[in-house]
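What follows is the content of model_13.txt (compact mmCIF, C-alpha atoms).
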```txt
# COMPACT_ATOMS: atom_id res chain seq x y z
CA MET A 558 0.00 0.00 0.00
CA ARG A 559 0.90 3.63 -0.39
CA VAL A 560 0.51 5.19 3.05
CA LEU A 561 0.75 8.81 4.15
CA GLN A 562 1.41 9.27 7.87
CA LEU A 563 0.72 12.83 9.02
CA THR A 564 1.47 14.52 12.32
CA GLY A 565 1.67 18.03 13.72
CA SER A 566 4.01 19.55 16.25
CA SER A 567 4.55 17.34 19.27
CA ALA A 568 6.14 17.81 22.67
CA GLY A 569 5.45 14.24 23.78
CA GLY A 570 5.26 10.75 22.35
CA VAL A 571 2.91 11.35 19.40
CA ALA A 572 5.73 12.11 16.98
CA ARG A 573 7.75 9.10 18.12
CA HIS A 574 4.67 6.93 17.71
CA ALA A 575 4.17 8.20 14.14
CA ARG A 576 7.80 7.45 13.32
CA GLU A 577 7.52 3.94 14.78
CA ILE A 578 4.38 3.16 12.78
CA SER A 579 5.98 4.51 9.62
CA ALA A 580 9.05 2.33 10.13
CA LEU A 581 6.96 -0.78 10.83
CA LEU A 582 4.82 -0.27 7.73
CA ALA A 583 7.90 0.34 5.59
CA ALA A 584 9.52 -2.83 6.97
CA ASP A 585 6.36 -4.70 5.96
CA GLY A 586 6.80 -3.56 2.36
CA ASP A 587 4.49 -0.55 2.20
CA ASP A 588 5.46 2.69 0.46
CA VAL A 589 5.33 5.16 3.36
CA VAL A 590 5.64 8.93 3.58
CA LEU A 591 5.83 10.60 6.99
CA ALA A 592 4.83 14.27 6.77
CA GLY A 593 4.97 16.84 9.54
CA PRO A 594 7.11 19.63 11.02
CA ALA A 595 10.85 19.43 10.37
CA ASP A 596 11.76 18.74 14.00
CA VAL A 597 9.35 15.78 14.00
CA VAL A 598 10.14 14.06 10.72
CA HIS A 599 13.90 14.62 10.98
CA ALA A 600 14.25 13.79 14.68
CA ALA A 601 15.52 10.30 13.80
CA ALA A 602 17.05 8.66 10.74
CA PRO A 603 14.16 7.45 8.54
CA ALA A 604 13.82 3.67 8.68
CA GLY A 605 12.53 2.88 5.20
CA TYR A 606 10.01 5.73 4.97
CA ARG A 607 10.32 9.08 3.21
CA PRO A 608 10.19 12.19 5.44
CA VAL A 609 8.48 15.28 4.00
CA VAL A 610 8.27 18.60 5.86
CA VAL A 611 4.74 20.00 6.22
CA ASP A 612 4.44 22.74 8.84
CA ILE A 613 1.46 21.94 11.06
CA ALA A 614 1.50 23.96 14.27
CA ASP A 615 -0.33 23.33 17.53
CA ARG A 616 -3.14 25.81 16.75
CA PRO A 617 -5.03 27.05 13.66
CA ARG A 618 -3.36 29.80 11.63
CA PRO A 619 -3.40 31.22 8.08
CA ALA A 620 -0.46 28.99 7.04
CA ASP A 621 -2.81 26.01 7.38
CA VAL A 622 -4.04 26.75 3.84
CA ALA A 623 -0.57 25.99 2.47
CA ALA A 624 -0.29 22.95 4.73
CA ALA A 625 -3.61 21.58 3.46
CA ARG A 626 -2.48 22.04 -0.14
CA ALA A 627 0.76 20.20 0.58
CA VAL A 628 -1.12 17.35 2.26
CA ARG A 629 -3.51 17.19 -0.69
CA ARG A 630 -0.59 16.74 -3.09
CA LEU A 631 0.92 14.02 -0.91
CA ALA A 632 -2.43 12.26 -0.44
CA ALA A 633 -3.13 12.08 -4.17
CA GLY A 634 -2.36 8.51 -5.12
CA ALA A 635 -2.18 7.25 -1.51
CA ASP A 636 -4.30 4.31 -0.44
CA VAL A 637 -4.46 5.34 3.22
CA VAL A 638 -3.86 8.60 5.06
CA HIS A 639 -3.28 8.22 8.81
CA ALA A 640 -3.26 11.50 10.73
CA HIS A 641 -2.21 11.83 14.36
CA GLY A 642 -3.91 14.46 16.51
CA LEU A 643 -6.81 16.84 15.94
CA ARG A 644 -4.79 19.47 14.07
CA ALA A 645 -3.29 17.04 11.58
CA GLY A 646 -6.61 15.20 11.38
CA ALA A 647 -8.59 18.32 10.53
CA ILE A 648 -6.11 19.36 7.85
CA ALA A 649 -6.22 15.85 6.39
CA VAL A 650 -10.03 15.92 6.24
CA LEU A 651 -9.97 19.22 4.36
CA ALA A 652 -7.15 18.06 2.09
CA VAL A 653 -8.61 14.75 0.86
CA ARG A 654 -12.29 15.60 0.53
CA THR A 655 -11.94 17.02 -3.00
CA LEU A 656 -9.56 14.41 -4.42
CA ALA A 657 -10.92 12.51 -7.42
CA ARG A 658 -9.52 9.29 -5.96
CA ARG A 659 -10.03 9.71 -2.25
CA PRO A 660 -7.83 7.61 0.04
CA ARG A 661 -9.19 6.03 3.20
CA LEU A 662 -8.65 8.41 6.11
CA VAL A 663 -7.84 7.29 9.65
CA VAL A 664 -7.29 9.77 12.48
CA THR A 665 -5.86 8.88 15.88
CA VAL A 666 -6.86 11.20 18.73
CA HIS A 667 -4.09 11.20 21.33
CA ASN A 668 -5.08 13.88 23.86
CA LEU A 669 -8.03 15.46 25.58
CA PRO A 670 -8.17 19.20 24.74
CA VAL A 671 -7.09 21.25 27.76
CA GLY A 672 -7.39 25.01 28.18
CA GLY A 673 -9.80 27.88 28.51
CA GLY A 674 -13.15 28.39 26.83
CA ARG A 675 -11.64 29.55 23.54
CA VAL A 676 -9.31 26.55 23.33
CA ARG A 677 -12.12 24.12 24.11
CA GLY A 678 -14.38 25.83 21.56
CA VAL A 679 -11.80 25.48 18.78
CA ALA A 680 -11.16 21.89 19.82
CA ALA A 681 -14.88 21.09 19.60
CA VAL A 682 -14.95 22.34 16.00
CA LEU A 683 -11.89 20.27 15.11
CA GLU A 684 -13.29 17.19 16.85
CA THR A 685 -16.56 17.45 14.92
CA LEU A 686 -14.73 17.94 11.63
CA VAL A 687 -12.53 14.91 12.27
CA ALA A 688 -15.34 12.72 13.61
CA ARG A 689 -17.57 13.33 10.60
CA GLY A 690 -14.86 13.50 7.95
CA ALA A 691 -12.68 10.48 8.78
CA ASP A 692 -13.48 6.95 7.69
CA ALA A 693 -12.26 5.66 11.04
CA VAL A 694 -11.27 7.34 14.29
CA LEU A 695 -8.93 5.76 16.82
CA ALA A 696 -8.55 7.07 20.37
CA VAL A 697 -5.99 6.20 23.00
CA SER A 698 -8.44 6.04 25.94
CA GLY A 699 -12.03 5.10 26.61
CA ASP A 700 -13.13 8.65 27.40
CA LEU A 701 -11.79 9.86 24.06
CA VAL A 702 -13.61 7.02 22.29
CA ALA A 703 -16.88 8.14 23.89
CA ARG A 704 -16.11 11.79 23.16
CA MET A 705 -15.47 11.20 19.44
CA ARG A 706 -18.52 8.97 19.16
CA GLY A 707 -20.55 11.81 20.64
CA ARG A 708 -19.11 14.14 18.00
CA GLY A 709 -20.52 11.90 15.27
CA ALA A 710 -17.72 9.47 14.40
CA ARG A 711 -19.08 6.63 12.27
CA ALA A 712 -16.40 4.12 13.23
CA VAL A 713 -14.41 4.68 16.40
CA ALA A 714 -12.28 2.27 18.41
CA ARG A 715 -9.65 2.16 21.13
CA ALA A 716 -6.05 2.38 19.91
CA LEU A 717 -3.12 0.77 21.66
CA VAL A 718 -0.05 3.00 21.71
CA PRO A 719 2.69 0.87 23.28
CA ALA A 720 5.53 2.35 25.25
CA PRO A 721 8.98 1.90 23.68
CA GLU A 722 11.05 -1.05 24.82
CA ARG A 723 13.48 -0.34 27.61
CA PRO A 724 16.53 -2.36 28.66
CA ALA A 725 16.20 -4.57 31.71
CA ALA A 726 17.02 -2.98 35.06
CA THR A 727 20.58 -3.52 36.24
CA VAL A 728 20.10 -2.28 39.82
CA PRO A 729 18.03 -4.36 42.27
CA PRO A 730 14.92 -2.62 43.67
CA ALA A 731 16.21 -3.01 47.23
CA ARG A 732 19.32 -1.01 46.38
CA VAL A 733 17.26 1.75 44.76
CA ARG A 734 15.11 2.00 47.89
CA ALA A 735 18.19 2.05 50.09
CA ASP A 736 19.83 4.78 47.99
CA LEU A 737 16.64 6.85 48.41
CA GLY A 738 16.72 6.36 52.16
CA LEU A 739 13.47 4.38 52.24
CA ALA A 740 12.68 1.82 54.88
CA PRO A 741 11.52 -1.62 53.67
CA ASP A 742 7.90 -0.89 54.63
CA GLU A 743 7.73 2.62 53.13
CA ARG A 744 5.67 3.12 49.97
CA LEU A 745 7.33 4.45 46.82
CA LEU A 746 5.24 5.91 44.02
CA LEU A 747 6.84 6.84 40.69
CA THR A 748 5.42 8.38 37.54
CA VAL A 749 7.10 9.52 34.34
CA ALA A 750 5.20 12.20 32.45
CA ARG A 751 5.33 15.70 31.03
CA LEU A 752 4.22 18.49 33.37
CA ALA A 753 1.05 19.10 31.35
CA PRO A 754 -2.60 19.23 32.50
CA GLN A 755 -3.72 16.31 30.32
CA LYS A 756 -1.34 13.97 32.17
CA GLY A 757 -3.55 14.20 35.24
CA LEU A 758 -0.75 14.59 37.76
CA ASP A 759 -3.18 16.34 40.09
CA VAL A 760 -5.17 13.10 40.24
CA LEU A 761 -1.97 11.21 41.03
CA ALA A 762 -1.14 13.66 43.83
CA ASP A 763 -4.62 13.27 45.32
CA ALA A 764 -4.33 9.47 45.14
CA ALA A 765 -0.91 9.58 46.80
CA ALA A 766 -2.32 11.76 49.58
CA ARG A 767 -5.06 9.20 50.21
CA LEU A 768 -2.47 6.41 50.42
CA ALA A 769 -0.38 8.44 52.83
CA GLY A 770 -3.43 8.99 54.99
```
Once more with this new file: its structure as C-alpha cells, please.
Amino acid sequence: MRVLQLTGSSAGGVARHAREISALLAADGDDVVLAGPADVVHAAAPAGYRPVVVDIADRPRPADVAAARAVRRLAAGADVVHAHGLRAGAIAVLAVRTLARRPRLVVTVHNLPVGGGRVRGVAAVLETLVARGADAVLAVSGDLVARMRGRGARAVARALVPAPERPAATVPPARVRADLGLAPDERLLLTVARLAPQKGLDVLADAAARLAG
C-alpha cells in the first residue's frame, strides 16, 4: 500500500509513535511517507520511509491553507492517510475531501483538549470535523472514544499506543530504595510524564495523599 502518515508539532510521544508506525509499515513492504514539522520528521534517521516537511503547528493559523495544499498533493495517489492528533486530522479531512480518488482516512486522537473556553471551543470544532470526515477514528483512551462517538464518528475504536522497549534494570529494587533512604515498609510511588494538565498529575497527587493517609 501507499501510506501517508501525518502529524503536527509534538512535545510528547505522538511524533515518536508516528515514526515507529511509519518504520513498521515500511519494513512490511508498504510505500510510506511521513509528513509533519521538520523537527518531527527529521528527529531520527528514517527507517525505510520518506520524510516530508509540512508545517502543522499546535493551533489554527493562516499557514494552514498551504499545509492543506501540501497534504492534498501528498495524499493524491495514496491508499491510506493516517493522521495523528486533531490538528493534523482536521487538515487531512480538508485536504482529501476534494480528491478525485479519495484515500481512506484514519485519524488517531491522542489527547483530551485542555485550556480555557476559547481553546475548548476550537477543539470542539476540530473534533466534529474529524469525527464526521474520517473513515475511522482511533482514540488512546475510553473517554476519548466516547467523546469522538458523541461528535458523530461513524467508526471509532480504542487504539493501543505501546511504550517503547526499555533495557532490563541492572540495579536491584532493594538497592534503589536504600539509595533513596526508604525503609523496607515505606511506599514508593513513581510516575514519568510531562508536566502538562492532560497527564492528570493532580489526580496522582490526590491518590498519593489518600495512600499516605
Notebook entry, point to check: atom CA of Ala649 of chain A and atom CA of Leu581 of chain A, how far apart in Å?
Noted result: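 Separation between atom CA of Leu581 of chain A and atom CA of Ala649 of chain A: 21.7 Å.
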Note to self: Considering all atoms listed in the file, can you say which of A:Ser579, A:Gln755, A:Thr665, A:Thr564 comes closest to Val702 of chain A?
What the structure shows: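 The shortest atom-to-atom distance to Val702 of chain A comes from A:Thr665.
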Margin query: Counting all atoms listed in the file, which residues sit no farther than 6 Å from the position (-7.0, 11.0, 2.2) in the file's frame? I'd like them as a ChimeraX atom specification.
Written below: /A:632,638,653,659-662
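Non-sequential neighbours of Ala688 of chain A (distance at most 7 Å, separation of 2 or more positions within a chain, all atoms listed in the file) are Glu684, Thr685, Leu686, Gly690, Ala691, Val694, Met705, Arg708, Gly709 and Ala710 of chain A.
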Margin query: I'd like the neighbourhood of Gly646 of chain A as a PyMOL selection string, where a residue qualifies if any of its atoms comes within 7 Å (using all atoms listed in the file), though same-chain residues fewer than 4 positions away should be ignored.
Written below: chain A and resi 640-642+650+664+687
Note to self: Could you check the closest approach to Leu768 of chain A for each of A:Ala720, A:Arg744, A:Arg677, A:Val628 and tell me which residue wins, using all atoms listed in the file?
What the structure shows: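 Nearest candidate to Leu768 of chain A out of A:Ala720, A:Arg744, A:Arg677, A:Val628: A:Arg744.
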Next item on the list: Pick out the closest residue to Pro754 of chain A from this set: A:Gly673, A:Gly586, A:Pro619, A:Gly565. Count all atoms listed in the file.
Entry: A:Gly673
Expected axis-aligned box over every listed atom of segment 727-742 of chain A, 4 Å added per side, centre plus edges in Å to one decimal, as lines of an AutoDock Vina configuration file:
```
center_x = 14.2
center_y = 1.2
center_z = 45.6
size_x = 20.7
size_y = 19.2
size_z = 26.6
```
Margin query: Considering all atoms listed in the file, can you say which of A:Leu651, A:Ala696, A:Ala703, A:Val571 comes closest to Ala716 of chain A?
Written below: A:Ala696
Margin query: List as a ChimeraX atom specification the residues having at least one atom at most 7 Å from position (-6.2, 10.1, 26.2) as given in the file, counting all atoms listed in the file.
Written below: /A:667-669,696-698,701
Margin query: Rounded to one decimal, what separation in Å do you get between atom CA of Leu656 of chain A and atom CA of Ala580 of chain A?
Written below: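 If I compute the distance from atom CA of Leu656 of chain A to atom CA of Ala580 of chain A, I get 26.5 Å.
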